[in-house]
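Down below is the structure, laid out as structure tokens.
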Amino acid sequence: MRWILFFGALIGSSMCGQHKFCGDQVFRINVRNGDEISKLSQLVDSDHFKLNVWKSPSIFGRPVDVLVPSVSLKSVRSYLKTQGLEYSVTIDNLQDLLDREYEEMRLNDGQEQRNNSFSYGAYHSLEAIYHEMDSIATTFPELASRVKIGQSFENRPMYVLKFSSAGGGKRRPAIWLNAGIHSREWISQATAIWTARKIVSDYGKDPALTSILKKVDIFLLPVANPDGYVYTQTQNRLWRKTRSLNPGSHCIGTDPNRNWNVSFAGRGASDNPCSEVYHGPHANSEVEVKSVVDFIQKHGNFKCFIDLHSYSQLLMYPYGYTLKKAPDAKELDEVAARAAKALASLSGTEYQVGPTCTTVYPASGSSIDWAYDNGIKYAFTFELRDTGHYGFLLPANQIIPTAEETWLGLKTIMEHVRDNLY
């Protein structure tokens, strides 16, 4: 009960200090050629408008989602009109969605207090997620254990759940499931903790899962950026980066998915500490990234790395830092296509499949590129629901449908790993 009461106090007190987005709107801007991308980039890069990019400029034909503060609406509309850039408003008042999300969390918190339960169809605090991880490990000690792999910049513990049908001893082939590296993508953390419960609930009942765990171990990190996640619930719901300090700059944090030691500081990353895609002072500068790297390298037998993000409904594989095809691109594409088909079989949710660089945009220093270039062949990124109607503020009533369909995709990949160990 203590963690539930704490969460209630956390929500009640922290929301008073939350950054407000009253009247802010999300614009979906269409770009059809290089000239239009250039014009849009000038707008986005201007400090004057204080824009927040939700979906970045990429290949032609993919719309760009941008959060426009209420004070900049008139100026931005004028710029788009004079430059001939087409746009529509996807979210009319962002604060309305945030208020609704907060109210749902408050109601769920009260319900969980009364029932002493954990609802997988709701968003939770870091403490609640950690408590549920502990509960899973305690309830299923022969299959699950909670392992501390390090501490965040602000000294919060980083926990993974290890699922193994074998005892200690030999390090078996393993799968790494990563979530919440970008803190505002709440559906990723929620999907991850649902997945943890699914694994322990279905083991011994689902032949496919049972056979997977007979051959490999699964390590699940539901909150890869604990400080950022707490900050989204106490200060700014749309915070993306870590919370580390940047000497010489007033701007806080690094993009932890540009901080891995693979083509570091290359395309798709910024050397500006105030940028949402700031790569950090050096590779692995973020302790949250280094903790995962150290754990995986010390283990030495990981065969698969999957990173859960949102949003856009994409299933991607290396590379992000180069247009060059990965040596295993053909196999990875076939596996991803099968996983996307399995995912769509539940509710018809369609995912686009392809390498990161050409499916969305160039991105250096990413987790799956690091994994692949360090010998982890089966490396994939999921961008979960939706395609922009709610963006990062996916309603809680979509958590379980998202997690259920994602599980079918994850299981398809894990079955392929099981059958193709190397």
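In the structure tokens, chains take letters A, B, ... by order of appearance, with residues numbered from 1 within each chain and ligands from 1 in the order shown.
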
For the interface of stretch 316-396 of chain A with stretch 403-406 of chain A (cut-off 9 Å, counting only C-alpha atoms), please tabulate each contacting residue of stretch 316-396 of chain A alongside its nearest pair of atoms and their separation in Å to one decimal, rows sorted by chain and increasing number, as a Markdown table.
```
| residue | atom | partner | partner_atom | distance |
| --- | --- | --- | --- | --- |
| A:Ala339 | CA | A:Thr406 | CA | 8.9 |
| A:Ala340 | CA | A:Thr406 | CA | 8.8 |
| A:Ala342 | CA | A:Glu405 | CA | 7.9 |
| A:Leu343 | CA | A:Glu405 | CA | 4.8 |
| A:Ala344 | CA | A:Glu405 | CA | 7.0 |
| A:Ser345 | CA | A:Glu405 | CA | 7.9 |
| A:Leu346 | CA | A:Glu405 | CA | 6.0 |
| A:Ser347 | CA | A:Glu405 | CA | 7.3 |
| A:Thr349 | CA | A:Glu405 | CA | 8.1 |
| A:Phe382 | CA | A:Thr406 | CA | 8.6 |
| A:Leu384 | CA | A:Thr406 | CA | 7.9 |
```

For those residues, write all heavy atoms to a file as a PDB file, in the first residue's frame.
```pdb
ATOM      1  N   ALA A 339       6.751 -10.314 -38.350  1.00  0.00           N
ATOM      2  CA  ALA A 339       6.326  -9.776 -37.051  1.00  0.00           C
ATOM      3  C   ALA A 339       5.226  -8.742 -37.228  1.00  0.00           C
ATOM      4  O   ALA A 339       4.241  -8.721 -36.465  1.00  0.00           O
ATOM      5  CB  ALA A 339       7.525  -9.164 -36.322  1.00  0.00           C
ATOM      6  N   ALA A 340       5.366  -7.882 -38.232  1.00  0.00           N
ATOM      7  CA  ALA A 340       4.339  -6.860 -38.489  1.00  0.00           C
ATOM      8  C   ALA A 340       3.026  -7.515 -38.904  1.00  0.00           C
ATOM      9  O   ALA A 340       1.941  -7.055 -38.516  1.00  0.00           O
ATOM     10  CB  ALA A 340       4.822  -5.906 -39.579  1.00  0.00           C
ATOM     11  N   ALA A 342       1.996 -10.529 -37.987  1.00  0.00           N
ATOM     12  CA  ALA A 342       1.433 -11.143 -36.772  1.00  0.00           C
ATOM     13  C   ALA A 342       0.783 -10.073 -35.911  1.00  0.00           C
ATOM     14  O   ALA A 342      -0.321 -10.272 -35.370  1.00  0.00           O
ATOM     15  CB  ALA A 342       2.534 -11.861 -35.997  1.00  0.00           C
ATOM     16  N   LEU A 343       1.454  -8.943 -35.768  1.00  0.00           N
ATOM     17  CA  LEU A 343       0.916  -7.838 -34.973  1.00  0.00           C
ATOM     18  C   LEU A 343      -0.425  -7.367 -35.541  1.00  0.00           C
ATOM     19  O   LEU A 343      -1.398  -7.164 -34.792  1.00  0.00           O
ATOM     20  CB  LEU A 343       1.940  -6.700 -34.952  1.00  0.00           C
ATOM     21  CG  LEU A 343       1.703  -5.481 -34.089  1.00  0.00           C
ATOM     22  CD1 LEU A 343       3.033  -4.833 -33.707  1.00  0.00           C
ATOM     23  CD2 LEU A 343       0.821  -4.443 -34.770  1.00  0.00           C
ATOM     24  N   ALA A 344      -0.491  -7.226 -36.863  1.00  0.00           N
ATOM     25  CA  ALA A 344      -1.714  -6.726 -37.508  1.00  0.00           C
ATOM     26  C   ALA A 344      -2.869  -7.710 -37.424  1.00  0.00           C
ATOM     27  O   ALA A 344      -4.035  -7.319 -37.567  1.00  0.00           O
ATOM     28  CB  ALA A 344      -1.429  -6.391 -38.972  1.00  0.00           C
ATOM     29  N   SER A 345      -2.560  -8.987 -37.183  1.00  0.00           N
ATOM     30  CA  SER A 345      -3.605 -10.019 -37.184  1.00  0.00           C
ATOM     31  C   SER A 345      -4.612  -9.838 -36.056  1.00  0.00           C
ATOM     32  O   SER A 345      -5.738 -10.341 -36.139  1.00  0.00           O
ATOM     33  CB  SER A 345      -2.969 -11.411 -37.084  1.00  0.00           C
ATOM     34  OG  SER A 345      -2.399 -11.614 -35.791  1.00  0.00           O
ATOM     35  N   LEU A 346      -4.256  -9.114 -35.017  1.00  0.00           N
ATOM     36  CA  LEU A 346      -5.162  -8.968 -33.867  1.00  0.00           C
ATOM     37  C   LEU A 346      -6.204  -7.880 -34.092  1.00  0.00           C
ATOM     38  O   LEU A 346      -7.402  -8.129 -33.954  1.00  0.00           O
ATOM     39  CB  LEU A 346      -4.357  -8.663 -32.598  1.00  0.00           C
ATOM     40  CG  LEU A 346      -5.167  -8.648 -31.302  1.00  0.00           C
ATOM     41  CD1 LEU A 346      -5.731 -10.034 -31.006  1.00  0.00           C
ATOM     42  CD2 LEU A 346      -4.302  -8.177 -30.135  1.00  0.00           C
ATOM     43  N   SER A 347      -5.757  -6.680 -34.448  1.00  0.00           N
ATOM     44  CA  SER A 347      -6.685  -5.550 -34.571  1.00  0.00           C
ATOM     45  C   SER A 347      -6.574  -4.816 -35.900  1.00  0.00           C
ATOM     46  O   SER A 347      -7.218  -3.785 -36.086  1.00  0.00           O
ATOM     47  CB  SER A 347      -6.436  -4.539 -33.437  1.00  0.00           C
ATOM     48  OG  SER A 347      -6.531  -5.159 -32.183  1.00  0.00           O
ATOM     49  N   THR A 349      -3.872  -3.292 -36.973  1.00  0.00           N
ATOM     50  CA  THR A 349      -2.935  -2.173 -36.877  1.00  0.00           C
ATOM     51  C   THR A 349      -1.774  -2.398 -37.845  1.00  0.00           C
ATOM     52  O   THR A 349      -1.051  -3.382 -37.723  1.00  0.00           O
ATOM     53  CB  THR A 349      -2.392  -2.029 -35.447  1.00  0.00           C
ATOM     54  OG1 THR A 349      -3.492  -1.964 -34.534  1.00  0.00           O
ATOM     55  CG2 THR A 349      -1.549  -0.779 -35.301  1.00  0.00           C
ATOM     56  N   PHE A 382      10.707  -1.001 -32.411  1.00  0.00           N
ATOM     57  CA  PHE A 382       9.269  -0.824 -32.602  1.00  0.00           C
ATOM     58  C   PHE A 382       8.917   0.623 -32.281  1.00  0.00           C
ATOM     59  O   PHE A 382       9.288   1.128 -31.221  1.00  0.00           O
ATOM     60  CB  PHE A 382       8.463  -1.709 -31.644  1.00  0.00           C
ATOM     61  CG  PHE A 382       8.352  -3.157 -32.035  1.00  0.00           C
ATOM     62  CD1 PHE A 382       9.433  -4.017 -31.887  1.00  0.00           C
ATOM     63  CD2 PHE A 382       7.156  -3.673 -32.519  1.00  0.00           C
ATOM     64  CE1 PHE A 382       9.323  -5.366 -32.214  1.00  0.00           C
ATOM     65  CE2 PHE A 382       7.036  -5.009 -32.853  1.00  0.00           C
ATOM     66  CZ  PHE A 382       8.135  -5.859 -32.704  1.00  0.00           C
ATOM     67  N   LEU A 384       5.581   2.246 -31.502  1.00  0.00           N
ATOM     68  CA  LEU A 384       4.231   1.769 -31.203  1.00  0.00           C
ATOM     69  C   LEU A 384       3.159   2.772 -31.638  1.00  0.00           C
ATOM     70  O   LEU A 384       3.456   3.801 -32.240  1.00  0.00           O
ATOM     71  CB  LEU A 384       4.118   1.464 -29.709  1.00  0.00           C
ATOM     72  CG  LEU A 384       5.155   0.471 -29.152  1.00  0.00           C
ATOM     73  CD1 LEU A 384       4.976   0.299 -27.649  1.00  0.00           C
ATOM     74  CD2 LEU A 384       5.066  -0.878 -29.861  1.00  0.00           C
TER      75      LEU A 384
END
```

Which neighbours of A:Arg243 fall inside 10 Å, counting only C-alpha atoms, when residues of the same chain fewer than 4 positions from it are skipped, and could you give them as a PyMOL selection string? chain A and resi 152-154+225-229+231+239+251-255+286

Shell around stretch 75-81 of chain A at 12 Å using only C-alpha atoms, local window under 2 positions removed, as a compact mmCIF listing (two decimals) with all heavy atoms, in the first residue's frame:
```
# COMPACT_ATOMS: atom_id res chain seq x y z
N GLN A 25 -0.93 23.83 -29.78
CA GLN A 25 -1.50 22.94 -30.79
C GLN A 25 -0.40 22.11 -31.46
O GLN A 25 0.76 22.50 -31.50
CB GLN A 25 -2.23 23.75 -31.88
CG GLN A 25 -3.44 24.52 -31.35
CD GLN A 25 -4.20 25.24 -32.46
OE1 GLN A 25 -3.69 25.44 -33.57
NE2 GLN A 25 -5.43 25.63 -32.16
N VAL A 26 -0.81 20.95 -31.99
CA VAL A 26 0.10 20.14 -32.79
C VAL A 26 -0.29 20.29 -34.25
O VAL A 26 -1.44 20.03 -34.62
CB VAL A 26 0.07 18.66 -32.36
CG1 VAL A 26 0.98 17.83 -33.28
CG2 VAL A 26 0.52 18.51 -30.91
N PHE A 27 0.67 20.74 -35.06
CA PHE A 27 0.47 20.89 -36.50
C PHE A 27 1.06 19.68 -37.21
O PHE A 27 2.16 19.24 -36.87
CB PHE A 27 1.19 22.13 -37.03
CG PHE A 27 0.51 23.44 -36.72
CD1 PHE A 27 -0.52 23.54 -35.80
CD2 PHE A 27 0.92 24.61 -37.36
CE1 PHE A 27 -1.13 24.76 -35.51
CE2 PHE A 27 0.33 25.84 -37.09
CZ PHE A 27 -0.69 25.91 -36.15
N ARG A 28 0.34 19.16 -38.17
CA ARG A 28 0.88 18.14 -39.08
C ARG A 28 1.18 18.84 -40.40
O ARG A 28 0.27 19.33 -41.08
CB ARG A 28 -0.10 16.99 -39.27
CG ARG A 28 0.30 16.05 -40.40
CD ARG A 28 -0.26 14.67 -40.20
NE ARG A 28 0.43 13.99 -39.11
CZ ARG A 28 0.27 12.70 -38.81
NH1 ARG A 28 -0.58 11.97 -39.51
NH2 ARG A 28 0.92 12.14 -37.82
N ILE A 29 2.46 18.92 -40.74
CA ILE A 29 2.91 19.68 -41.90
C ILE A 29 3.38 18.72 -42.99
O ILE A 29 4.19 17.82 -42.74
CB ILE A 29 4.06 20.64 -41.50
CG1 ILE A 29 3.60 21.54 -40.34
CG2 ILE A 29 4.50 21.48 -42.69
CD1 ILE A 29 4.73 22.28 -39.65
N ASN A 30 2.85 18.89 -44.18
CA ASN A 30 3.21 18.03 -45.30
C ASN A 30 4.38 18.61 -46.07
O ASN A 30 4.39 19.80 -46.40
CB ASN A 30 2.01 17.86 -46.25
CG ASN A 30 0.86 17.15 -45.56
OD1 ASN A 30 1.05 16.15 -44.88
ND2 ASN A 30 -0.35 17.67 -45.73
N VAL A 31 5.36 17.78 -46.34
CA VAL A 31 6.51 18.20 -47.15
C VAL A 31 6.64 17.27 -48.34
O VAL A 31 6.59 16.06 -48.20
CB VAL A 31 7.82 18.21 -46.31
CG1 VAL A 31 7.82 19.39 -45.36
CG2 VAL A 31 7.98 16.92 -45.52
N GLU A 36 10.90 22.12 -49.65
CA GLU A 36 9.92 22.27 -48.55
C GLU A 36 10.51 21.78 -47.23
O GLU A 36 10.24 22.36 -46.18
CB GLU A 36 8.63 21.53 -48.91
CG GLU A 36 7.85 22.21 -50.04
CD GLU A 36 6.45 21.63 -50.22
OE1 GLU A 36 6.16 20.56 -49.65
OE2 GLU A 36 5.65 22.28 -50.92
N ILE A 37 11.31 20.72 -47.28
CA ILE A 37 11.97 20.26 -46.06
C ILE A 37 12.92 21.33 -45.55
O ILE A 37 13.02 21.58 -44.34
CB ILE A 37 12.73 18.93 -46.30
CG1 ILE A 37 11.73 17.77 -46.38
CG2 ILE A 37 13.75 18.66 -45.20
CD1 ILE A 37 12.36 16.40 -46.47
N LYS A 39 12.68 24.60 -45.99
CA LYS A 39 11.88 25.69 -45.41
C LYS A 39 11.36 25.32 -44.03
O LYS A 39 11.36 26.13 -43.10
CB LYS A 39 10.71 26.02 -46.34
CG LYS A 39 11.10 26.69 -47.65
CD LYS A 39 9.90 26.86 -48.55
CE LYS A 39 10.27 27.55 -49.87
NZ LYS A 39 9.12 27.62 -50.80
N LEU A 40 10.90 24.08 -43.91
CA LEU A 40 10.40 23.63 -42.61
C LEU A 40 11.51 23.56 -41.58
O LEU A 40 11.32 23.94 -40.42
CB LEU A 40 9.72 22.26 -42.76
CG LEU A 40 9.14 21.65 -41.48
CD1 LEU A 40 8.11 22.58 -40.85
CD2 LEU A 40 8.52 20.29 -41.77
N SER A 41 12.69 23.10 -41.99
CA SER A 41 13.83 23.01 -41.07
C SER A 41 14.21 24.39 -40.54
O SER A 41 14.56 24.53 -39.36
CB SER A 41 15.03 22.36 -41.77
OG SER A 41 14.73 21.03 -42.12
N GLN A 42 14.14 25.41 -41.40
CA GLN A 42 14.43 26.77 -40.94
C GLN A 42 13.47 27.20 -39.84
O GLN A 42 13.86 27.82 -38.85
CB GLN A 42 14.33 27.75 -42.12
CG GLN A 42 15.45 27.62 -43.13
CD GLN A 42 15.26 28.56 -44.32
OE1 GLN A 42 14.70 29.65 -44.17
NE2 GLN A 42 15.69 28.13 -45.49
N LEU A 43 12.20 26.83 -40.00
CA LEU A 43 11.19 27.15 -39.00
C LEU A 43 11.46 26.43 -37.69
O LEU A 43 11.47 27.03 -36.61
CB LEU A 43 9.80 26.78 -39.54
CG LEU A 43 8.62 26.94 -38.57
CD1 LEU A 43 8.34 28.43 -38.32
CD2 LEU A 43 7.37 26.25 -39.11
N VAL A 44 11.69 25.13 -37.82
CA VAL A 44 11.89 24.29 -36.64
C VAL A 44 13.16 24.69 -35.88
O VAL A 44 13.19 24.67 -34.64
CB VAL A 44 11.94 22.80 -37.06
CG1 VAL A 44 12.45 21.93 -35.92
CG2 VAL A 44 10.56 22.33 -37.50
N SER A 46 14.52 27.56 -35.61
CA SER A 46 14.51 28.92 -35.05
C SER A 46 14.15 28.88 -33.57
O SER A 46 13.15 28.29 -33.16
CB SER A 46 13.47 29.77 -35.80
OG SER A 46 13.25 30.99 -35.12
N HIS A 48 13.22 31.33 -31.93
CA HIS A 48 12.18 32.34 -31.71
C HIS A 48 10.80 31.72 -31.46
O HIS A 48 10.04 32.19 -30.62
CB HIS A 48 12.11 33.28 -32.92
CG HIS A 48 11.01 34.29 -32.85
ND1 HIS A 48 11.02 35.34 -31.94
CD2 HIS A 48 9.84 34.40 -33.55
CE1 HIS A 48 9.91 36.05 -32.09
NE2 HIS A 48 9.19 35.51 -33.07
N PHE A 49 10.48 30.64 -32.18
CA PHE A 49 9.13 30.07 -32.11
C PHE A 49 8.96 29.03 -30.99
O PHE A 49 7.84 28.67 -30.66
CB PHE A 49 8.76 29.44 -33.45
CG PHE A 49 8.71 30.42 -34.58
CD1 PHE A 49 9.62 30.35 -35.62
CD2 PHE A 49 7.75 31.43 -34.62
CE1 PHE A 49 9.58 31.26 -36.68
CE2 PHE A 49 7.70 32.34 -35.66
CZ PHE A 49 8.61 32.26 -36.69
N LYS A 50 10.08 28.53 -30.44
CA LYS A 50 10.03 27.55 -29.34
C LYS A 50 9.20 26.31 -29.72
O LYS A 50 8.37 25.84 -28.95
CB LYS A 50 9.46 28.17 -28.07
CG LYS A 50 10.17 29.44 -27.62
CD LYS A 50 11.61 29.17 -27.23
CE LYS A 50 12.33 30.41 -26.74
NZ LYS A 50 13.78 30.21 -26.55
N LEU A 51 9.45 25.80 -30.92
CA LEU A 51 8.70 24.63 -31.39
C LEU A 51 9.28 23.35 -30.81
O LEU A 51 10.46 23.27 -30.48
CB LEU A 51 8.72 24.57 -32.92
CG LEU A 51 8.23 25.82 -33.66
CD1 LEU A 51 8.26 25.59 -35.16
CD2 LEU A 51 6.82 26.18 -33.21
N VAL A 66 4.56 18.86 -35.31
CA VAL A 66 5.26 19.89 -34.52
C VAL A 66 4.31 20.50 -33.50
O VAL A 66 3.19 20.89 -33.83
CB VAL A 66 5.80 21.01 -35.44
CG1 VAL A 66 6.52 22.07 -34.62
CG2 VAL A 66 6.73 20.45 -36.51
N LEU A 67 4.76 20.55 -32.25
CA LEU A 67 4.00 21.22 -31.20
C LEU A 67 4.30 22.72 -31.25
O LEU A 67 5.45 23.14 -31.17
CB LEU A 67 4.37 20.66 -29.83
CG LEU A 67 3.76 21.37 -28.62
CD1 LEU A 67 2.24 21.30 -28.64
CD2 LEU A 67 4.30 20.80 -27.32
N VAL A 68 3.23 23.50 -31.41
CA VAL A 68 3.37 24.96 -31.54
C VAL A 68 2.78 25.63 -30.30
O VAL A 68 1.58 25.49 -30.02
CB VAL A 68 2.64 25.47 -32.80
CG1 VAL A 68 2.89 26.97 -32.98
CG2 VAL A 68 3.09 24.71 -34.05
N PRO A 69 3.60 26.37 -29.53
CA PRO A 69 3.07 27.08 -28.36
C PRO A 69 2.02 28.10 -28.78
O PRO A 69 2.08 28.66 -29.88
CB PRO A 69 4.30 27.77 -27.77
CG PRO A 69 5.47 27.09 -28.36
CD PRO A 69 5.05 26.59 -29.70
N SER A 70 1.07 28.35 -27.90
CA SER A 70 -0.03 29.26 -28.23
C SER A 70 0.48 30.64 -28.64
O SER A 70 -0.08 31.28 -29.54
CB SER A 70 -0.99 29.38 -27.04
OG SER A 70 -0.30 29.82 -25.87
N VAL A 71 1.57 31.09 -28.02
CA VAL A 71 2.09 32.43 -28.32
C VAL A 71 2.70 32.51 -29.73
O VAL A 71 2.89 33.60 -30.27
CB VAL A 71 3.16 32.87 -27.28
CG1 VAL A 71 2.52 33.07 -25.93
CG2 VAL A 71 4.31 31.87 -27.22
N SER A 72 3.01 31.33 -30.31
CA SER A 72 3.64 31.32 -31.63
C SER A 72 2.68 30.94 -32.75
O SER A 72 3.08 30.92 -33.93
CB SER A 72 4.83 30.34 -31.65
OG SER A 72 5.80 30.70 -30.71
N LEU A 73 1.43 30.64 -32.41
CA LEU A 73 0.49 30.12 -33.41
C LEU A 73 0.34 31.07 -34.61
O LEU A 73 0.42 30.64 -35.77
CB LEU A 73 -0.88 29.87 -32.77
CG LEU A 73 -0.99 28.63 -31.87
CD1 LEU A 73 -2.32 28.62 -31.13
CD2 LEU A 73 -0.83 27.35 -32.68
N GLN A 83 5.21 30.44 -47.15
CA GLN A 83 6.13 29.49 -47.76
C GLN A 83 5.42 28.40 -48.57
O GLN A 83 6.05 27.53 -49.15
CB GLN A 83 7.01 28.82 -46.69
CG GLN A 83 7.88 29.79 -45.91
CD GLN A 83 8.87 30.52 -46.79
OE1 GLN A 83 9.43 29.96 -47.73
NE2 GLN A 83 9.08 31.81 -46.51
N GLY A 84 4.08 28.45 -48.55
CA GLY A 84 3.31 27.47 -49.32
C GLY A 84 3.34 26.07 -48.74
O GLY A 84 3.20 25.08 -49.48
N LEU A 85 3.50 25.96 -47.44
CA LEU A 85 3.55 24.65 -46.78
C LEU A 85 2.16 24.29 -46.26
O LEU A 85 1.56 25.04 -45.49
CB LEU A 85 4.56 24.67 -45.62
CG LEU A 85 6.03 24.87 -46.03
CD1 LEU A 85 6.91 25.05 -44.80
CD2 LEU A 85 6.53 23.71 -46.87
N GLU A 86 1.66 23.12 -46.67
CA GLU A 86 0.34 22.67 -46.24
C GLU A 86 0.41 22.08 -44.84
O GLU A 86 1.37 21.37 -44.50
CB GLU A 86 -0.20 21.62 -47.21
CG GLU A 86 -0.44 22.13 -48.62
CD GLU A 86 -0.92 21.01 -49.55
OE1 GLU A 86 -1.04 19.86 -49.09
OE2 GLU A 86 -1.17 21.31 -50.73
N TYR A 87 -0.62 22.36 -44.03
CA TYR A 87 -0.65 21.79 -42.69
C TYR A 87 -2.10 21.60 -42.23
O TYR A 87 -3.04 22.17 -42.78
CB TYR A 87 0.08 22.71 -41.71
CG TYR A 87 -0.69 23.94 -41.30
CD1 TYR A 87 -1.42 23.98 -40.11
CD2 TYR A 87 -0.71 25.08 -42.11
CE1 TYR A 87 -2.14 25.10 -39.74
CE2 TYR A 87 -1.42 26.21 -41.75
CZ TYR A 87 -2.14 26.22 -40.56
OH TYR A 87 -2.85 27.32 -40.20
N SER A 88 -2.23 20.78 -41.20
CA SER A 88 -3.53 20.61 -40.54
C SER A 88 -3.25 20.56 -39.04
O SER A 88 -2.12 20.33 -38.61
CB SER A 88 -4.23 19.32 -40.99
OG SER A 88 -3.42 18.19 -40.72
N VAL A 89 -4.28 20.79 -38.24
CA VAL A 89 -4.15 20.75 -36.78
C VAL A 89 -4.63 19.39 -36.30
O VAL A 89 -5.79 19.03 -36.46
CB VAL A 89 -4.96 21.88 -36.11
CG1 VAL A 89 -4.85 21.78 -34.59
CG2 VAL A 89 -4.46 23.25 -36.59
```

From A:Pro327, A:Ala179, A:Ala208, A:Gly354, residue lying nearest A:Thr195 [only C-alpha atoms]: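 For A:Thr195, the nearest of the given residues is A:Ala179.
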
Picked from stretch 9-246 of chain A by DSSP as helix (DSSP H, G or I), as a ChimeraX atom specification: /A:9-17,34-45,70-82,94-115,126-139,186-202,207-215,226-234

Could you tell me how far atom CA of A:Phe219 sits from atom CA of A:Ile296, in Å to one decimal place?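 Calculated distance between atom CA of A:Ile296 and atom CA of A:Phe219 is 10.0 Å.
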
Please, what distance in Å, to one decimal, runs between atom CA of A:Cys357 and atom CA of A:His299?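 So the two atoms, atom CA of A:Cys357 and atom CA of A:His299, lie 29.1 Å apart.
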
Atomic separation - atom CA of A:Phe380 relative to atom CA of A:Leu209, Å: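 Between atom CA of A:Leu209 and atom CA of A:Phe380 the gap works out to 19.0 Å.
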
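Proximity to A:Trp186 was assessed for A:Lys205, A:Lys198, A:Arg240, A:Lys148 counting only C-alpha atoms; the smallest distance is recorded for A:Arg240.
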
Write out as JSON lines a residue-level contact list of stretch 225-252 of chain A versus stretch 101-121 of chain A with cut-off 12 Å: for each qualifying residue the closest pair of atoms and the distance in Å to one decimal, counting only C-alpha atoms, rows sorted by chain and residue number upward.
```
{"residue": "A:Thr232", "atom": "CA", "partner": "A:Tyr102", "partner_atom": "CA", "distance": 11.7}
{"residue": "A:Gln233", "atom": "CA", "partner": "A:Tyr102", "partner_atom": "CA", "distance": 9.4}
{"residue": "A:Thr234", "atom": "CA", "partner": "A:Tyr102", "partner_atom": "CA", "distance": 11.3}
{"residue": "A:Arg237", "atom": "CA", "partner": "A:Tyr102", "partner_atom": "CA", "distance": 10.3}
```

Selection export as a short mmCIF file (atom, residue, chain, number, x, y, z; two decimals), in the first residue's frame, atoms kept: N, CA and C atoms:
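Output saved as out.cif:
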```cif
data_model
loop_
_atom_site.label_atom_id
_atom_site.label_comp_id
_atom_site.auth_asym_id
_atom_site.auth_seq_id
_atom_site.Cartn_x
_atom_site.Cartn_y
_atom_site.Cartn_z
N THR A 232 8.77 13.61 -16.43
CA THR A 232 7.53 13.75 -17.21
C THR A 232 6.30 13.74 -16.31
N GLN A 233 6.42 13.14 -15.14
CA GLN A 233 5.26 13.05 -14.24
C GLN A 233 5.26 14.13 -13.16
N THR A 234 6.36 14.86 -13.06
CA THR A 234 6.42 15.89 -12.03
C THR A 234 6.60 17.30 -12.56
N ARG A 237 5.52 16.89 -19.03
CA ARG A 237 5.06 15.62 -19.62
C ARG A 237 5.78 15.27 -20.92
#
```

As an NGL selection string, list the residues of stretch 108-276 of chain A assigned to strand (DSSP E) by DSSP on the backbone atoms of this structure. :A and (144-151 or 157-163 or 174-179 or 217-221)

Neighbouring residues of A:Ala166 were defined as those with any atom within 12 Å, considering only C-alpha atoms; residues of the same chain fewer than 4 positions away were excluded. Please report them as a list in words. Pro141, Glu142, Leu143, Ala144, Ser145, Lys162, Lys170, Arg171, Arg172, Pro173, Leu213, Lys214, Lys215, Val216, Asp217 and Ile218 of chain A
